[in-house]
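To keep things clear, I will list the structure first and then write my remarks on it.
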Amino acid sequence: MRQFGLIGKKLSHSFSKNYFTEKFNLLGLDDHSYELFELSSIEQIKAVFETKNIEGLNVTVPYKEDVIPYLDGLDQSAEKVKAVNVIKITNGKNVGYNSDYIGFKNSLNNWLPQQYQGTALILGTGGASKAVSCALSDLKIPYTFVSRKPTANEISYQEASSLLPQAHLIINTTPLGMAPDTNTCPDLDFNQITSEHYLYDLVYNPEETLFLAKGKSKGASIKNGLEMLHLQAEESWKIWNK
C-alpha cells in the first residue's frame, strides 16, 4: 500500500482527496490511498510522518511555512519560495517542495495576454503569496504586496488604491471568500477596477468568489484557482514518483 495525504487545519472542503482518489481509480492503482490529516497544531505532523506506508503529503494553510523546521531538507523550488506545499518521504527522510509556484506560473501564462505590460498587486502575505511572487518575478511582472497589517516592503489596502491605475493584475492569495464564508472579500476599492484589470483568485470554492464577482461587475477579466490547483496536484504526483 502506498499512502499519501494532505495536512492542514480545516480540510472539510478539500479538493485533494477527491482528486487523487479519482486519479488512483482511473489508473487502476488499488494499492494507493489519499487521506486527510487535520492538525490543530503543526507539532502533530510528527505523528503523521510515522503513519505506515506514508510516501507523500500535500500541505495547505496555515502550515506551508510552519512545516519547514520539521523537514530534513528542501528542494530548490521550496528554497526559492520559502514555503512548502509538497513533502516527499523516502527512507524516513522528509523533503519539502513547492508545486504552487509551478501551478500558478503556468496557469497565469495560460490566461494573461502575452503583451501584458502592467504591474501587479498581491493581496496577502502568507505562504501562497510567496509562490505567486516568485512566479511573477520569473515572468518579469513587477509586484507589490498588500496587507491588512503591512510591514516593510508591504502596503495597506488603502495605499493600494493609488496603484490601481497601473496595477492591472490583482491576485488574491488570502482565504477571504472561501466557502463557507462566501460573503467576505479583500478590502479593495472596486470602484477603481476597469475592463483593463485582471483579477485572479487562488480560491476555487466557490467558483466565483465575491472578489471575482465585484471585479466582473466592473468589466474586469477574472479567473479562479481551480486550474492552478490541478496543475500543482499533477506536479505533486510527479514529485512523489520521480
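In the C-alpha cells, chains take the letters A, B, ... in the order shown, each chain's residues start at 1, and ligands count up from 1 in the order shown.
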
Could you produce a table of the residues of segment 108-163 of chain A lying within 8 Å of segment 182-188 of chain A, with the nearest pair of atoms per residue and their separation in Å rounded to one decimal, using only C-alpha atoms, ordered by chain and increasing residue number, as CSV?
```
residue,atom,partner,partner_atom,distance
A:Leu123,CA,A:Pro186,CA,7.5
A:Tyr157,CA,A:Leu188,CA,6.1
A:Gln158,CA,A:Leu188,CA,7.6
A:Ala160,CA,A:Leu188,CA,7.7
A:Ser161,CA,A:Leu188,CA,7.3
```

Please dump the current selection as a compact mmCIF listing (two decimals), in the first residue's frame; keep N, CA, C and O atoms.
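Saved as selection-v2.txt:
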```txt
# COMPACT_ATOMS: atom_id res chain seq x y z
N LEU A 123 -2.45 40.34 -2.98
CA LEU A 123 -3.23 40.54 -1.76
C LEU A 123 -2.95 39.40 -0.80
O LEU A 123 -3.26 38.24 -1.09
N TYR A 157 -4.25 48.27 2.29
CA TYR A 157 -5.29 48.26 1.26
C TYR A 157 -5.67 49.69 0.87
O TYR A 157 -6.02 49.95 -0.29
N GLN A 158 -5.59 50.60 1.81
CA GLN A 158 -5.88 52.00 1.50
C GLN A 158 -4.83 52.56 0.54
O GLN A 158 -5.16 53.25 -0.44
N ALA A 160 -3.12 50.84 -1.52
CA ALA A 160 -3.20 50.12 -2.80
C ALA A 160 -4.06 50.86 -3.81
O ALA A 160 -3.87 50.74 -5.03
N SER A 161 -5.01 51.64 -3.33
CA SER A 161 -5.92 52.36 -4.22
C SER A 161 -5.17 53.24 -5.21
O SER A 161 -5.55 53.34 -6.38
```

Practice problem: Name the residues of segment 27-176 of chain A that fall into strand (DSSP E) according to DSSP on the backbone, using the chain letters and numbers of this document, as a PyMOL selection string. | Solution: chain A and resi 32-38+54-59+73-74+86-90+93-97+120-123+143-146+154-155+169-172

Next, the residues of the selection above should be written as an mmCIF file, in the first residue's frame with N, CA and C atoms.
```
data_model
loop_
_atom_site.group_PDB
_atom_site.id
_atom_site.type_symbol
_atom_site.label_atom_id
_atom_site.label_comp_id
_atom_site.auth_asym_id
_atom_site.auth_seq_id
_atom_site.Cartn_x
_atom_site.Cartn_y
_atom_site.Cartn_z
ATOM 1 N N HIS A 32 -3.135 2.308 -3.675
ATOM 2 C CA HIS A 32 -2.841 3.691 -3.330
ATOM 3 C C HIS A 32 -4.016 4.296 -2.571
ATOM 4 N N SER A 33 -3.730 5.124 -1.585
ATOM 5 C CA SER A 33 -4.804 5.824 -0.880
ATOM 6 C C SER A 33 -4.358 7.249 -0.556
ATOM 7 N N TYR A 34 -5.346 8.114 -0.339
ATOM 8 C CA TYR A 34 -5.074 9.521 -0.022
ATOM 9 C C TYR A 34 -5.978 9.917 1.136
ATOM 10 N N GLU A 35 -5.368 10.376 2.240
ATOM 11 C CA GLU A 35 -6.129 10.676 3.449
ATOM 12 C C GLU A 35 -5.961 12.135 3.863
ATOM 13 N N LEU A 36 -6.889 12.600 4.668
ATOM 14 C CA LEU A 36 -6.840 13.961 5.207
ATOM 15 C C LEU A 36 -6.348 13.912 6.650
ATOM 16 N N PHE A 37 -5.393 14.774 6.970
ATOM 17 C CA PHE A 37 -4.857 14.860 8.323
ATOM 18 C C PHE A 37 -5.071 16.279 8.844
ATOM 19 N N GLU A 38 -6.149 16.475 9.597
ATOM 20 C CA GLU A 38 -6.415 17.791 10.193
ATOM 21 C C GLU A 38 -5.557 17.942 11.446
ATOM 22 N N ILE A 54 3.379 5.858 4.531
ATOM 23 C CA ILE A 54 3.195 7.215 4.030
ATOM 24 C C ILE A 54 4.394 7.600 3.153
ATOM 25 N N GLU A 55 4.106 8.065 1.931
ATOM 26 C CA GLU A 55 5.173 8.405 0.987
ATOM 27 C C GLU A 55 5.148 9.870 0.562
ATOM 28 N N GLY A 56 4.008 10.524 0.742
ATOM 29 C CA GLY A 56 3.946 11.904 0.299
ATOM 30 C C GLY A 56 2.785 12.652 0.919
ATOM 31 N N LEU A 57 2.989 13.952 1.108
ATOM 32 C CA LEU A 57 1.949 14.802 1.676
ATOM 33 C C LEU A 57 1.837 16.104 0.889
ATOM 34 N N ASN A 58 0.620 16.602 0.819
ATOM 35 C CA ASN A 58 0.403 17.989 0.407
ATOM 36 C C ASN A 58 0.224 18.805 1.678
ATOM 37 N N VAL A 59 0.549 20.088 1.605
ATOM 38 C CA VAL A 59 0.449 20.976 2.763
ATOM 39 C C VAL A 59 -0.395 22.182 2.378
ATOM 40 N N GLY A 73 15.017 18.403 4.682
ATOM 41 C CA GLY A 73 15.648 19.160 3.610
ATOM 42 C C GLY A 73 14.618 19.838 2.733
ATOM 43 N N LEU A 74 15.096 20.734 1.864
ATOM 44 C CA LEU A 74 14.229 21.457 0.938
ATOM 45 C C LEU A 74 14.761 21.335 -0.483
ATOM 46 N N VAL A 86 4.367 20.519 -0.797
ATOM 47 C CA VAL A 86 4.517 19.094 -1.120
ATOM 48 C C VAL A 86 5.676 18.533 -0.303
ATOM 49 N N ILE A 87 5.464 17.359 0.285
ATOM 50 C CA ILE A 87 6.526 16.675 1.011
ATOM 51 C C ILE A 87 6.689 15.281 0.423
ATOM 52 N N LYS A 88 7.918 14.923 0.113
ATOM 53 C CA LYS A 88 8.225 13.575 -0.352
ATOM 54 C C LYS A 88 8.959 12.847 0.768
ATOM 55 N N ILE A 89 8.483 11.649 1.097
ATOM 56 C CA ILE A 89 9.040 10.883 2.213
ATOM 57 C C ILE A 89 9.703 9.619 1.657
ATOM 58 N N THR A 90 11.019 9.542 1.812
ATOM 59 C CA THR A 90 11.777 8.409 1.297
ATOM 60 C C THR A 90 12.745 7.913 2.366
ATOM 61 N N LYS A 93 13.208 10.007 5.394
ATOM 62 C CA LYS A 93 13.639 11.392 5.189
ATOM 63 C C LYS A 93 12.505 12.189 4.537
ATOM 64 N N ASN A 94 12.254 13.404 5.065
ATOM 65 C CA ASN A 94 11.152 14.231 4.592
ATOM 66 C C ASN A 94 11.697 15.470 3.893
ATOM 67 N N VAL A 95 11.451 15.588 2.598
ATOM 68 C CA VAL A 95 11.969 16.715 1.822
ATOM 69 C C VAL A 95 10.812 17.550 1.293
ATOM 70 N N GLY A 96 10.911 18.860 1.466
ATOM 71 C CA GLY A 96 9.863 19.778 1.055
ATOM 72 C C GLY A 96 10.062 20.329 -0.342
ATOM 73 N N TYR A 97 8.962 20.476 -1.066
ATOM 74 C CA TYR A 97 8.953 21.034 -2.421
ATOM 75 C C TYR A 97 7.863 22.103 -2.499
ATOM 76 N N ALA A 120 1.564 44.410 -10.769
ATOM 77 C CA ALA A 120 0.628 43.519 -10.071
ATOM 78 C C ALA A 120 0.551 43.864 -8.589
ATOM 79 N N LEU A 121 -0.610 43.591 -8.016
ATOM 80 C CA LEU A 121 -0.803 43.658 -6.569
ATOM 81 C C LEU A 121 -1.045 42.236 -6.071
ATOM 82 N N ILE A 122 -0.312 41.827 -5.046
ATOM 83 C CA ILE A 122 -0.519 40.530 -4.413
ATOM 84 C C ILE A 122 -1.211 40.786 -3.088
ATOM 85 N N LEU A 123 -2.453 40.340 -2.983
ATOM 86 C CA LEU A 123 -3.229 40.543 -1.760
ATOM 87 C C LEU A 123 -2.949 39.400 -0.797
ATOM 88 N N TYR A 143 5.662 43.676 -8.848
ATOM 89 C CA TYR A 143 4.529 43.459 -7.949
ATOM 90 C C TYR A 143 4.739 44.186 -6.627
ATOM 91 N N THR A 144 3.631 44.374 -5.910
ATOM 92 C CA THR A 144 3.641 44.956 -4.572
ATOM 93 C C THR A 144 2.743 44.103 -3.685
ATOM 94 N N PHE A 145 3.222 43.794 -2.475
ATOM 95 C CA PHE A 145 2.418 43.055 -1.505
ATOM 96 C C PHE A 145 1.461 44.013 -0.792
ATOM 97 N N VAL A 146 0.210 43.556 -0.617
ATOM 98 C CA VAL A 146 -0.799 44.344 0.095
ATOM 99 C C VAL A 146 -1.226 43.545 1.327
ATOM 100 N N GLU A 154 5.672 46.253 2.204
ATOM 101 C CA GLU A 154 4.252 45.957 2.012
ATOM 102 C C GLU A 154 3.465 47.259 2.143
ATOM 103 N N ILE A 155 2.280 47.283 1.556
ATOM 104 C CA ILE A 155 1.424 48.462 1.683
ATOM 105 C C ILE A 155 0.055 48.042 2.201
ATOM 106 N N LEU A 169 -3.118 43.823 -12.791
ATOM 107 C CA LEU A 169 -3.216 42.423 -12.379
ATOM 108 C C LEU A 169 -3.292 42.371 -10.861
ATOM 109 N N ILE A 170 -4.376 41.799 -10.342
ATOM 110 C CA ILE A 170 -4.582 41.736 -8.891
ATOM 111 C C ILE A 170 -4.825 40.273 -8.510
ATOM 112 N N ILE A 171 -3.986 39.764 -7.614
ATOM 113 C CA ILE A 171 -4.058 38.351 -7.246
ATOM 114 C C ILE A 171 -4.397 38.225 -5.774
ATOM 115 N N ASN A 172 -5.504 37.566 -5.478
ATOM 116 C CA ASN A 172 -5.888 37.329 -4.091
ATOM 117 C C ASN A 172 -5.299 36.009 -3.617
#
```

Tyr70 of chain A environment, 9 Å, only C-alpha atoms, sequence neighbours closer than 6 positions dropped, as a list in words =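 After dropping sequence-adjacent residues, the list is Ile42, Glu43, Ile45, Lys46 and Asn94 of chain A.
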
So that I can check the surroundings of Pro62 of chain A, please list as a PDB file with C-alpha atoms, in the first residue's frame every protein, DNA and RNA residue that reaches within 9 Å of it, counting only C-alpha atoms and ignoring chain neighbours fewer than 6 positions away.
```pdb
ATOM      1  CA  GLY A   8      -3.919  21.467   7.189  1.00  0.00           C
ATOM      2  CA  LYS A   9      -6.122  22.951   9.878  1.00  0.00           C
ATOM      3  CA  ILE A  42       1.963  21.797  13.304  1.00  0.00           C
ATOM      4  CA  GLY A 126       1.123  34.085   3.576  1.00  0.00           C
ATOM      5  CA  GLY A 127       2.831  31.030   2.098  1.00  0.00           C
TER       6      GLY A 127
END
```

With only C-alpha atoms as the counted atoms, please give the residues lying no more than 8 Å from Lys214 of chain A, apart from itself and same-chain residues fewer than 4 positions off, as an NGL selection string.
:A and (190 or 210 or 218)

Item checked: Atomic separation - atom CA of Tyr204 of chain A relative to atom CA of Gln117 of chain A, Å ->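 Spanning atom CA of Gln117 of chain A to atom CA of Tyr204 of chain A is a straight-line distance of 26.4 Å.
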
Record the distance separating atom CA of Gly124 of chain A and atom CA of Phe211 of chain A, expressed in Å with one decimal.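 Computed distance, atom CA of Gly124 of chain A to atom CA of Phe211 of chain A, equals 13.4 Å.
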
Of A:Tyr63, A:Phe49, A:Trp111, A:Phe104, the one sitting nearest His230 of chain A when using only C-alpha atoms is A:Phe104

In terms of only C-alpha atoms, the residue from A:Ala179, A:Ala78, A:Leu26, A:Leu108 at minimal distance from Ser12 of chain A is A:Ala179

### Closest of A:Lys216, A:Lys52, A:Lys149, A:His197 to Pro113 of chain A - atom-to-atom distances counting only C-alpha atoms
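Checking each candidate against Pro113 of chain A, we get A:His197 as the closest.
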
- Message: Give me the residues near Tyr19 of chain A as a count of residues only, where near means some atom within 10 Å (using only C-alpha atoms) and where sequence neighbours in that chain fewer than 2 positions away do not count.
- Response: 13

Problem set entry | Which of segment 13-222 of chain A fall in helix (DSSP H, G or I), as an MDAnalysis selection string | chainID A and resid 16:26 42:49 68:70 76:81 100:111 127:138 157:163 190:192 210:217

Non-local contacts of Leu231 of chain A (10 Å; only C-alpha atoms; under 2 positions in same chain excluded) as a list in words: Ser99, Asp100, Tyr101, Ile102, Gly103, Phe104, Lys105, Asn106, Ser107, Leu226, Glu227, Met228, Leu229, Ala233, Glu234, Glu235 and Ser236 of chain A
